[in-house]
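As stored in model_19.txt (compact mmCIF, C-alpha atoms and all ligand atoms):
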# COMPACT_ATOMS: atom_id res chain seq x y z
CA MET Q 1 92.92 166.59 1.66
CA SER Q 2 95.79 164.30 2.52
CA LEU Q 3 99.23 165.03 3.91
CA SER Q 4 102.58 163.33 3.53
CA GLY Q 5 105.34 162.78 6.04
CA LYS Q 6 105.68 161.09 9.39
CA TYR Q 7 103.82 161.27 12.69
CA PHE Q 8 105.07 160.33 16.13
CA VAL Q 9 102.95 159.69 19.23
CA GLU Q 10 104.28 159.71 22.79
CA THR Q 11 101.85 158.31 25.39
CA TYR Q 12 101.73 158.67 29.17
CA GLY Q 13 99.36 157.00 31.60
CA CYS Q 14 96.67 154.38 31.57
CA GLN Q 15 95.26 151.86 29.09
CA MET Q 16 92.53 154.34 28.19
CA ASN Q 17 95.26 156.72 27.03
CA GLU Q 18 97.07 153.96 25.15
CA HIS Q 19 93.86 153.18 23.32
CA ASP Q 20 93.22 156.87 22.56
CA SER Q 21 96.74 156.99 21.10
CA GLU Q 22 95.97 153.99 18.90
CA LYS Q 23 92.90 155.87 17.63
CA MET Q 24 94.99 158.97 16.92
CA CYS Q 25 97.57 156.86 15.02
CA GLU Q 26 94.77 155.44 12.90
CA LEU Q 27 93.47 158.96 12.15
CA MET Q 28 96.96 160.12 11.15
CA GLU Q 29 97.33 157.16 8.81
CA GLN Q 30 93.97 157.90 7.24
CA LEU Q 31 95.35 161.40 6.62
CA GLY Q 32 98.26 159.89 4.67
CA LEU Q 33 101.01 160.11 7.29
CA GLU Q 34 103.31 157.23 8.23
CA SER Q 35 104.47 156.25 11.67
CA GLY Q 36 107.96 157.65 12.46
CA ASP Q 37 110.68 156.58 14.89
CA SER Q 38 111.30 159.83 16.72
CA ALA Q 39 109.68 163.13 17.57
CA ASP Q 40 112.67 165.09 16.20
CA SER Q 41 112.17 163.90 12.63
CA ALA Q 42 108.36 163.80 12.58
CA ASP Q 43 106.00 166.22 10.83
CA VAL Q 44 103.22 165.76 13.37
CA VAL Q 45 104.14 165.09 17.02
CA ILE Q 46 101.37 164.11 19.43
CA ILE Q 47 102.01 163.99 23.16
CA ASN Q 48 99.11 162.17 24.80
CA THR Q 49 99.18 163.14 28.45
CA CYS Q 50 98.01 161.84 31.80
CA ALA Q 51 97.16 164.02 34.82
CA ILE Q 52 96.65 161.25 37.36
CA ARG Q 53 100.18 161.57 38.75
CA GLU Q 54 102.38 164.61 39.04
CA LYS Q 55 105.32 162.77 37.46
CA ALA Q 56 103.47 162.20 34.17
CA GLU Q 57 102.63 165.90 34.07
CA HIS Q 58 106.31 166.87 34.49
CA LYS Q 59 107.25 164.53 31.66
CA VAL Q 60 104.91 166.41 29.31
CA HIS Q 61 106.58 169.72 30.12
CA SER Q 62 109.98 168.17 29.59
CA SER Q 63 108.96 166.61 26.22
CA LEU Q 64 107.60 169.95 25.03
CA GLY Q 65 110.86 171.63 26.03
CA LYS Q 66 112.94 169.05 24.16
CA ILE Q 67 110.96 169.29 20.93
CA ARG Q 68 111.46 173.09 20.67
CA ALA Q 69 114.76 172.81 18.73
CA ALA Q 70 113.25 170.40 16.17
CA LYS Q 71 110.36 172.81 15.56
CA LEU Q 72 112.86 175.61 14.89
CA ARG Q 73 114.54 173.40 12.28
CA ASN Q 74 111.18 172.38 10.77
CA PRO Q 75 108.62 175.19 11.18
CA ASP Q 76 105.99 173.06 9.36
CA MET Q 77 106.03 170.56 12.21
CA VAL Q 78 102.66 170.39 14.03
CA ILE Q 79 102.95 169.79 17.78
CA VAL Q 80 99.85 168.50 19.57
CA VAL Q 81 99.24 167.94 23.28
CA ALA Q 82 96.23 165.70 23.91
CA GLY Q 83 94.74 163.93 26.94
CA CYS Q 84 94.01 164.94 30.51
CA VAL Q 85 96.80 167.51 30.99
CA ALA Q 86 95.67 169.20 27.76
CA GLN Q 87 92.13 169.30 29.08
CA GLN Q 88 93.21 170.71 32.42
CA GLN Q 89 96.03 173.10 31.56
CA GLN Q 90 94.91 174.30 28.14
CA HIS Q 91 95.79 178.00 28.58
CA GLU Q 92 98.91 177.53 30.73
CA LEU Q 93 100.36 175.13 28.16
CA SER Q 94 99.79 177.33 25.15
CA LYS Q 95 101.12 180.39 26.99
CA LYS Q 96 104.23 178.63 28.30
CA PHE Q 97 105.08 176.69 25.13
CA ARG Q 98 104.68 179.11 22.22
CA HIS Q 99 105.76 176.39 19.76
CA LEU Q 100 102.73 174.26 20.72
CA ASP Q 101 100.21 174.22 17.84
CA LEU Q 102 97.24 172.28 19.16
CA VAL Q 103 95.80 171.57 22.60
CA LEU Q 104 93.32 168.72 22.07
CA GLY Q 105 90.84 167.71 24.79
CA THR Q 106 89.72 164.21 25.70
CA HIS Q 107 86.37 164.57 23.89
CA ASN Q 108 87.91 166.00 20.70
CA ILE Q 109 90.08 163.19 19.31
CA SER Q 110 87.95 162.69 16.21
CA GLU Q 111 88.63 166.31 15.20
CA LEU Q 112 92.40 165.75 15.07
CA PRO Q 113 92.82 165.33 11.27
CA ASP Q 114 90.80 168.46 10.42
CA LEU Q 115 92.63 170.50 13.01
CA VAL Q 116 96.08 169.35 11.82
CA GLU Q 117 95.18 170.32 8.26
CA LYS Q 118 93.87 173.69 9.40
CA ILE Q 119 97.05 174.43 11.34
CA ARG Q 120 99.19 173.50 8.32
CA LYS Q 121 97.13 175.92 6.22
CA ASP Q 122 96.60 178.86 8.58
CA ARG Q 123 99.70 178.54 10.79
CA GLN Q 124 97.66 179.53 13.83
CA SER Q 125 97.63 177.58 17.05
CA ILE Q 126 94.31 176.13 18.29
CA ILE Q 127 92.84 175.08 21.64
CA ARG Q 128 90.00 172.55 21.27
CA VAL Q 129 88.84 171.13 24.58
CA GLY Q 130 85.04 171.31 24.76
CA PHE Q 131 83.04 168.51 26.44
CA ALA Q 132 80.45 166.91 24.17
CA GLU Q 133 77.20 165.25 25.19
CA ASP Q 134 78.02 162.52 22.74
CA ILE Q 135 81.78 161.95 22.38
CA ARG Q 136 82.46 161.14 18.74
CA SER Q 137 85.74 159.31 19.37
CA LEU Q 138 83.93 157.00 21.82
CA HIS Q 139 82.14 155.53 18.80
CA MET Q 140 85.32 155.08 16.72
CA THR Q 141 86.04 151.41 16.11
CA ALA Q 142 89.36 150.01 17.27
CA PRO Q 143 92.30 150.67 14.94
CA ARG Q 144 93.10 148.00 12.38
CA ARG Q 145 96.41 147.06 13.93
CA GLY Q 146 97.35 147.84 17.52
CA PRO Q 147 100.73 146.92 19.01
CA ARG Q 148 99.40 143.44 19.90
CA PRO Q 149 97.39 142.31 16.84
CA ILE Q 150 95.65 139.43 18.58
CA CYS Q 151 94.62 141.49 21.62
CA SER Q 152 92.57 144.65 21.34
CA TYR Q 153 90.98 147.26 23.57
CA VAL Q 154 87.32 148.16 23.15
CA THR Q 155 86.09 151.30 24.88
CA ILE Q 156 82.68 150.66 26.41
CA MET Q 157 82.37 153.92 28.34
CA GLN Q 158 84.27 157.09 29.05
CA GLY Q 159 84.43 159.50 31.97
CA CYS Q 160 83.45 159.02 35.58
CA SER Q 161 80.74 160.46 37.81
CA ASN Q 162 82.24 159.44 41.14
CA PHE Q 163 84.37 162.47 42.05
CA CYS Q 164 86.80 160.72 44.41
CA ALA Q 165 88.56 163.46 46.35
CA TYR Q 166 92.01 162.88 44.80
CA CYS Q 167 91.07 162.24 41.17
CA VAL Q 168 91.01 164.47 38.09
CA VAL Q 169 89.13 162.12 35.78
CA PRO Q 170 85.60 163.58 36.19
CA TYR Q 171 87.09 167.02 35.40
CA THR Q 172 89.28 165.92 32.49
CA ARG Q 173 87.10 163.23 30.88
CA GLY Q 174 83.65 164.35 31.97
CA ARG Q 175 80.77 162.31 33.40
CA GLU Q 176 80.17 158.66 32.57
CA GLN Q 177 78.98 158.00 29.02
CA SER Q 178 78.31 154.43 27.93
CA ARG Q 179 78.34 153.26 24.34
CA SER Q 180 75.36 151.37 23.06
CA LEU Q 181 75.41 147.62 23.50
CA VAL Q 182 74.76 147.06 19.79
CA GLU Q 183 77.72 149.23 18.78
CA ILE Q 184 80.07 147.41 21.18
CA LEU Q 185 78.94 143.98 19.97
CA GLU Q 186 79.48 145.06 16.38
CA GLU Q 187 83.01 146.28 17.13
CA VAL Q 188 83.94 143.07 18.96
CA SER Q 189 82.63 140.98 16.11
CA GLN Q 190 84.58 143.07 13.52
CA LEU Q 191 87.76 142.69 15.56
CA CYS Q 192 87.33 138.93 15.80
CA SER Q 193 86.79 138.65 12.06
CA ARG Q 194 90.24 140.35 11.71
CA GLY Q 195 91.87 137.71 13.92
CA VAL Q 196 91.66 139.31 17.37
CA LYS Q 197 91.41 136.63 20.07
CA GLU Q 198 91.30 138.65 23.26
CA ILE Q 199 89.53 141.90 24.00
CA THR Q 200 89.86 144.17 27.01
CA LEU Q 201 86.76 146.24 27.71
CA LEU Q 202 87.84 149.69 28.80
CA GLY Q 203 86.28 152.37 30.94
CA GLN Q 204 87.07 154.28 34.12
CA ASN Q 205 84.29 152.43 35.86
CA VAL Q 206 83.24 149.52 33.63
CA ASN Q 207 80.94 147.82 36.09
CA ALA Q 208 78.71 150.90 36.07
CA TYR Q 209 78.23 150.29 32.34
CA GLY Q 210 74.73 151.20 31.18
CA LYS Q 211 73.63 153.19 34.24
CA ASP Q 212 73.66 156.43 32.23
CA LEU Q 213 71.66 154.79 29.43
CA GLY Q 214 68.71 154.61 31.81
CA ASN Q 215 68.29 150.84 32.14
CA GLY Q 216 70.39 150.27 35.27
CA ASN Q 217 73.73 148.47 35.43
CA ARG Q 218 74.07 146.24 32.35
CA PHE Q 219 77.70 145.17 32.58
CA THR Q 220 77.09 141.47 33.19
CA GLU Q 221 74.53 141.42 30.38
CA LEU Q 222 77.23 142.93 28.15
CA LEU Q 223 79.73 140.21 29.18
CA GLU Q 224 77.18 137.49 28.45
CA LYS Q 225 76.35 138.91 25.01
CA ILE Q 226 80.03 139.42 24.06
CA SER Q 227 80.74 135.84 25.12
CA ASN Q 228 78.70 134.65 22.15
CA THR Q 229 81.06 136.28 19.62
CA ARG Q 230 82.44 133.73 17.20
CA GLY Q 231 86.25 133.52 17.16
CA LEU Q 232 86.69 135.35 20.47
CA VAL Q 233 88.73 133.41 23.01
CA ARG Q 234 89.14 135.72 25.99
CA ILE Q 235 87.42 138.74 27.54
CA ARG Q 236 89.08 141.03 30.08
CA PHE Q 237 87.89 144.33 31.52
CA THR Q 238 89.26 147.24 33.51
CA THR Q 239 88.69 149.19 35.77
CA SER Q 240 85.93 148.18 38.18
CA HIS Q 241 84.68 150.21 41.13
CA PRO Q 242 84.09 148.29 44.39
CA ARG Q 243 80.83 150.14 45.03
CA ASP Q 244 79.33 148.90 41.75
CA PHE Q 245 80.71 145.37 42.14
CA ASP Q 246 77.91 142.88 42.84
CA ALA Q 247 77.26 139.16 43.04
CA SER Q 248 76.18 139.00 39.39
CA LEU Q 249 79.66 140.07 38.27
CA ALA Q 250 81.23 137.51 40.63
CA THR Q 251 79.00 134.84 39.07
CA ALA Q 252 79.98 135.94 35.56
CA LEU Q 253 83.68 135.71 36.50
CA GLY Q 254 83.16 132.20 37.80
CA SER Q 255 80.89 130.86 35.09
CA LEU Q 256 81.38 132.53 31.69
CA ASP Q 257 84.07 130.51 29.89
CA LYS Q 258 85.49 133.37 27.87
CA VAL Q 259 85.65 135.84 30.76
CA CYS Q 260 89.15 135.59 32.25
CA GLU Q 261 89.40 135.06 35.99
CA HIS Q 262 90.92 138.39 36.92
CA ILE Q 263 89.55 141.59 38.37
CA HIS Q 264 91.25 144.87 39.17
CA LEU Q 265 89.31 146.29 42.11
CA PRO Q 266 90.99 149.41 43.55
CA LEU Q 267 90.87 149.43 47.36
CA GLN Q 268 93.04 152.58 47.86
CA SER Q 269 93.15 152.36 51.69
CA GLY Q 270 92.32 149.93 54.48
CA SER Q 271 91.14 152.71 56.82
CA ASP Q 272 87.46 153.67 56.92
CA ARG Q 273 88.35 157.20 57.97
CA ILE Q 274 90.58 157.66 54.90
CA LEU Q 275 88.15 155.90 52.55
CA SER Q 276 85.47 158.30 53.67
CA SER Q 277 87.75 161.30 53.26
CA MET Q 278 88.66 160.00 49.78
CA LYS Q 279 84.89 159.81 49.02
CA ARG Q 280 85.21 156.24 47.80
CA GLY Q 281 81.69 155.25 48.77
CA TYR Q 282 82.46 152.02 50.68
CA SER Q 283 83.96 150.95 53.99
CA PHE Q 284 86.70 148.37 54.36
CA SER Q 285 84.27 145.74 55.68
CA GLU Q 286 81.98 146.30 52.67
CA TYR Q 287 84.97 145.85 50.37
CA LEU Q 288 85.99 142.69 52.23
CA ASN Q 289 82.48 141.34 51.98
CA LYS Q 290 82.58 141.76 48.20
CA ILE Q 291 85.93 139.94 48.04
CA GLU Q 292 84.37 137.05 49.99
CA ILE Q 293 81.44 136.90 47.55
CA LEU Q 294 83.91 136.96 44.65
CA ARG Q 295 86.04 134.19 46.12
CA SER Q 296 83.02 132.02 46.84
CA LYS Q 297 81.60 132.35 43.31
CA ALA Q 298 84.88 132.53 41.37
CA PRO Q 299 87.53 130.77 43.49
CA LYS Q 300 90.18 130.84 40.74
CA CYS Q 301 89.88 134.59 40.21
CA SER Q 302 93.03 136.66 40.73
CA ILE Q 303 92.53 140.05 42.33
CA THR Q 304 94.71 143.12 41.84
CA THR Q 305 94.28 146.54 43.38
CA ASP Q 306 95.51 150.13 43.70
CA ILE Q 307 96.77 151.57 46.96
CA ILE Q 308 97.45 155.24 47.73
CA VAL Q 309 99.73 155.98 50.67
CA GLY Q 310 100.04 159.34 52.40
CA PHE Q 311 96.55 160.67 51.64
CA PRO Q 312 96.04 163.90 53.68
CA GLY Q 313 95.41 163.08 57.33
CA GLU Q 314 96.61 159.45 57.05
CA SER Q 315 97.78 158.61 60.59
CA ASP Q 316 100.09 155.74 61.54
CA ASP Q 317 97.01 153.77 62.55
CA ASP Q 318 95.26 154.44 59.24
CA PHE Q 319 98.36 153.28 57.43
CA LYS Q 320 98.57 150.14 59.57
CA SER Q 321 94.99 149.33 58.55
CA THR Q 322 96.15 149.35 54.93
CA LEU Q 323 99.02 146.98 55.74
CA THR Q 324 96.59 144.70 57.61
CA ALA Q 325 94.25 144.78 54.60
CA LEU Q 326 97.08 143.64 52.32
CA GLU Q 327 97.92 140.73 54.63
CA GLN Q 328 94.27 139.81 55.04
CA ILE Q 329 93.15 139.94 51.39
CA ARG Q 330 96.45 138.82 49.84
CA PHE Q 331 96.05 140.46 46.44
CA ASP Q 332 97.86 138.83 43.54
CA GLN Q 333 99.46 142.14 42.70
CA ILE Q 334 99.04 145.79 43.60
CA PHE Q 335 99.82 149.15 42.02
CA SER Q 336 100.79 151.52 44.81
CA PHE Q 337 101.39 155.24 44.70
CA LYS Q 338 102.31 158.13 46.95
CA PHE Q 339 99.47 160.65 47.12
CA SER Q 340 100.19 163.73 45.02
CA PRO Q 341 97.74 166.64 45.11
CA ARG Q 342 96.13 167.09 41.70
CA PRO Q 343 95.01 170.58 40.72
CA GLY Q 344 91.28 171.20 40.98
CA THR Q 345 90.50 168.17 43.16
CA LYS Q 346 89.04 168.28 46.68
CA ALA Q 347 92.20 166.75 48.15
CA GLU Q 348 94.45 169.46 46.72
CA HIS Q 349 93.94 171.84 49.63
CA MET Q 350 93.08 169.37 52.37
CA ALA Q 351 94.72 169.96 55.73
CA ASP Q 352 97.34 167.55 57.14
CA GLN Q 353 99.27 166.87 53.97
CA ILE Q 354 101.78 164.10 54.74
CA PRO Q 355 105.51 164.89 54.43
CA GLU Q 356 107.26 163.35 51.43
CA LYS Q 357 109.68 161.39 53.64
CA ILE Q 358 106.82 159.60 55.41
CA LYS Q 359 105.05 158.86 52.14
CA LYS Q 360 108.26 157.31 50.80
CA GLU Q 361 108.71 155.13 53.90
CA ARG Q 362 105.08 154.00 53.78
CA LEU Q 363 105.35 153.13 50.10
CA ALA Q 364 108.49 151.05 50.77
CA GLU Q 365 106.67 149.17 53.54
CA VAL Q 366 103.73 148.43 51.25
CA HIS Q 367 106.11 147.13 48.57
CA SER Q 368 107.96 144.91 50.98
CA ILE Q 369 104.76 143.22 52.20
CA GLN Q 370 103.18 142.87 48.79
CA ASP Q 371 106.35 141.63 47.03
CA LYS Q 372 106.42 138.62 49.35
CA ILE Q 373 102.73 137.89 48.70
CA THR Q 374 103.11 138.15 44.91
CA GLN Q 375 106.26 136.01 44.93
CA GLY Q 376 104.43 133.46 47.09
CA TYR Q 377 101.64 133.17 44.50
CA HIS Q 378 104.21 132.78 41.72
CA LYS Q 379 106.17 130.11 43.63
CA GLN Q 380 102.95 128.18 44.30
CA LEU Q 381 102.45 127.89 40.55
CA GLU Q 382 105.81 126.13 39.97
CA GLY Q 383 105.19 122.65 38.57
CA SER Q 384 101.58 123.37 37.62
CA VAL Q 385 100.21 123.51 34.07
CA VAL Q 386 98.36 126.68 33.07
CA GLU Q 387 96.54 127.92 29.99
CA VAL Q 388 98.37 130.71 28.15
CA LEU Q 389 97.40 132.76 25.11
CA LEU Q 390 100.55 133.29 23.03
CA GLU Q 391 100.90 137.01 22.37
CA GLY Q 392 104.31 137.52 20.74
CA ARG Q 393 107.98 138.16 21.38
CA GLY Q 394 109.10 140.38 24.21
CA ARG Q 395 112.39 141.52 25.64
CA GLN Q 396 115.52 139.36 25.15
CA ASN Q 397 113.73 137.78 22.21
CA GLN Q 398 111.69 135.56 24.52
CA PHE Q 399 108.09 134.67 23.71
CA TYR Q 400 105.38 135.70 26.10
CA GLY Q 401 101.72 135.31 26.85
CA ARG Q 402 99.35 135.63 29.81
CA THR Q 403 97.47 133.19 31.96
CA ARG Q 404 93.73 133.62 32.33
CA THR Q 405 94.53 135.22 35.69
CA ASN Q 406 96.61 137.90 33.89
CA LYS Q 407 100.07 136.70 34.91
CA ILE Q 408 102.84 137.12 32.34
CA VAL Q 409 104.55 133.90 31.28
CA ASN Q 410 107.79 133.89 29.25
CA PHE Q 411 109.22 130.95 27.27
CA ASP Q 412 112.28 130.34 25.13
CA ASP Q 413 110.52 128.40 22.43
CA THR Q 414 106.96 127.98 21.14
CA GLY Q 415 107.67 125.07 18.77
CA SER Q 416 105.15 125.15 15.93
CA TYR Q 417 102.60 127.19 17.89
CA ARG Q 418 101.88 130.69 16.62
CA GLU Q 419 100.64 133.93 18.13
CA GLY Q 420 96.97 133.74 18.99
CA THR Q 421 97.08 130.07 20.02
CA VAL Q 422 96.07 128.94 23.48
CA VAL Q 423 98.75 126.57 24.79
CA ARG Q 424 99.26 124.59 27.97
CA VAL Q 425 102.39 125.63 29.79
CA LYS Q 426 104.23 124.01 32.65
CA ILE Q 427 105.53 126.66 35.05
CA LEU Q 428 109.21 126.06 35.75
CA ARG Q 429 110.04 129.17 37.74
CA GLY Q 430 107.94 131.66 39.67
CA LEU Q 431 109.85 134.96 39.48
CA ASN Q 432 109.19 138.27 41.23
CA HIS Q 433 107.05 139.83 38.52
CA SER Q 434 106.44 137.04 36.03
CA LEU Q 435 106.56 133.30 35.40
CA PHE Q 436 108.87 131.24 33.24
CA GLY Q 437 107.56 128.08 31.61
CA LYS Q 438 107.67 125.46 28.91
CA ILE Q 439 104.90 124.47 26.50
CA VAL Q 440 103.72 120.91 27.17
S1 LIG W 1 86.17 156.09 40.46
FE1 LIG W 1 87.23 157.75 41.53
S2 LIG W 1 89.40 157.30 41.13
FE2 LIG W 1 88.25 156.12 39.63
S3 LIG W 1 88.14 157.46 37.82
FE3 LIG W 1 86.28 157.84 39.03
S4 LIG W 1 86.79 159.61 40.31
FE4 LIG W 1 88.72 158.76 39.55

Step by step, read the file and then write its structure as structure tokens.
Ligand code: SF4
Amino acid sequence: MSLSGKYFVETYGCQMNEHDSEKMCELMEQLGLESGDSADSADVVIINTCAIREKAEHKVHSSLGKIRAAKLRNPDMVIVVAGCVAQQQQHELSKKFRHLDLVLGTHNISELPDLVEKIRKDRQSIIRVGFAEDIRSLHMTAPRRGPRPICSYVTIMQGCSNFCAYCVVPYTRGREQSRSLVEILEEVSQLCSRGVKEITLLGQNVNAYGKDLGNGNRFTELLEKISNTRGLVRIRFTTSHPRDFDASLATALGSLDKVCEHIHLPLQSGSDRILSSMKRGYSFSEYLNKIEILRSKAPKCSITTDIIVGFPGESDDDFKSTLTALEQIRFDQIFSFKFSPRPGTKAEHMADQIPEKIKKERLAEVHSIQDKITQGYHKQLEGSVVEVLLEGRGRQNQFYGRTRTNKIVNFDDTGSYREGTVVRVKILRGLNHSLFGKIV
């Protein structure tokens, strides 16, 4: 059966969620629906949610509230909530929002078309959130056209088995499941035959790839094999866990031509006491040791990280250790957050929750230190020539692309060069969050 009309997808959260949304768009198009411009005028509205931060969760509630009036005008509209909040708050959501038709779990994406059709026919709401031993959507190939046609995500694994004290992922996405190497290689090769030049390998913990398949960690082997794909220019990956980071990955980052020199390696805190309470599985000196290995084997590699401030029990001294870590490691960029207790996690009911005011002050301090470091890196690049993959047009009609080290570069003009071309760019200005350059 096929349907007619429009669909609209609203996405919150990480790259994994963005990619799941791309898959859901593809499924809607296979069903005969076209992409629409707004939720109000769509026939199927999908809100793909994220439970990592409290803010994203509030946004979902607010979006569901706003769409109520449109559903009253168009009772045939099918409203879907997918993603981590759907997985976690299945019953609360359907009780609170009576106009919600489908609660779709993270392992159930491939069932979306059948469920939409069933709801249209039976006019009964459905909750579908079961965990599967083999997630069907994990094996779906990347959609034909994502928002950046020359760059594509490829999911290599889903879920996480680490159970960090603050994180919902193991509860909302299940334990780690890796895709087979053959299947991933096939997908990459298909994408490249469609003109994709850069792929980003996705997973909550990519450098543990293969552990659950029974042959140990096979991430570097995967990078080496993907490197042989004809037509592929660049390989990126995210996210890596410091505990599973080893010298072989550092070597791959320094020696495989197609693997871009960038790693996102979440530190979270510079205090051993807090790292242990977070259940991260490494101490600060172990993390630092891995950074030293990385810098010795891949000296050009940029390093980004995540920092959480105000984790329960974080004393002034613990916080100072984080600031010292930032000064010592000098990350290229960081993503920093105030701790927010997530339902169902170990940290939710921990003693010594930090007052909001202190969390805010600590976050501001982190920003002020890191902004100077990031700006310093950008200033250092002024006058140098870097390699950029042209990706398209961004805001203010400027063109943009990224360096191998994952820094955004904007230009006014690309001359005769087209999207998907690797160009050499002279950096004219190092700005706070990006670079401005000229093709040479
Ligand atoms: S490693 Fe920790 S923070 Fe990252 S997804 Fe797994 S449980 Fe969450």

Let me make sure I understand: among Q:Pro170, Q:Gly65, Q:Gly36, Q:Pro143, which one has the smallest atom-to-atom distance to ligand LIG 1 (chain W) if we use all atoms listed in the file? Q:Pro170

Within 8 Å of Ile150 of chain Q using only C-alpha atoms, minus same-chain residues under 2 positions, as a count of residues only: 9

Could you list, as a PyMOL selection string, every residue within 9 Å of segment 40-55 of chain Q, counting only C-alpha atoms and ignoring same-chain residues fewer than 6 positions away? chain Q and resi 4-14+17-18+20-21+24+28+33+63-64+66-67+69-71+74+76-86+88+116+166-169+172+337+339-342

Residues within 8 Å of ligand LIG 1 (chain W) should be enumerated using all atoms listed in the file and returned as a PyMOL selection string. chain Q and resi 159-170+204-205+239+241+280

Between atom CA of Ile127 of chain Q and atom CA of Arg173 of chain Q, what is the distance, to one decimal in Å? 16.1 Å

Would you list the contacts of segment 282-298 of chain Q as a count of residues only, taking every protein, DNA or RNA residue within 6 Å and counting all atoms listed in the file, but skipping same-chain residues closer than 2 positions in sequence? 9

Shell of 12 Å around Leu213 of chain Q, only C-alpha atoms, local chain residues under 2 positions omitted, as a VMD selection string: chain Q and resid 157 176 to 181 208 to 211 215 to 219

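Between atom CA of Arg236 of chain Q and atom CA of Glu261 of chain Q lies a distance of 8.4 Å.
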
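Atom CA of Gly130 of chain Q to atom CA of Thr155 of chain Q spans 20.0 Å [interatomic distance, one decimal].
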
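Near Gln30 of chain Q, within 10 Å and counting all atoms listed in the file, sit Q:Ser2, Q:Leu3, Q:Met24, Q:Cys25, Q:Pro113, not including residues fewer than 5 positions from it in the same chain.
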
Please, could you write that set of residues out with C-alpha atoms as a CSV table (one decimal), in the coordinates of the input?
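Final file, selection39.csv:
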chain,number,residue,atom,x,y,z
Q,2,SER,CA,95.8,164.3,2.5
Q,3,LEU,CA,99.2,165.0,3.9
Q,24,MET,CA,95.0,159.0,16.9
Q,25,CYS,CA,97.6,156.9,15.0
Q,113,PRO,CA,92.8,165.3,11.3

Pick from Q:Thr405, Q:Phe245, Q:Leu191, Q:Val309 nearest to Lys357 of chain Q, counting all atoms listed in the file: Q:Val309

Nearest residue to Thr322 of chain Q from the set Q:Pro149, Q:Gly281, Q:Gly310, Q:Gly105 (distances using all atoms listed in the file): Q:Gly310
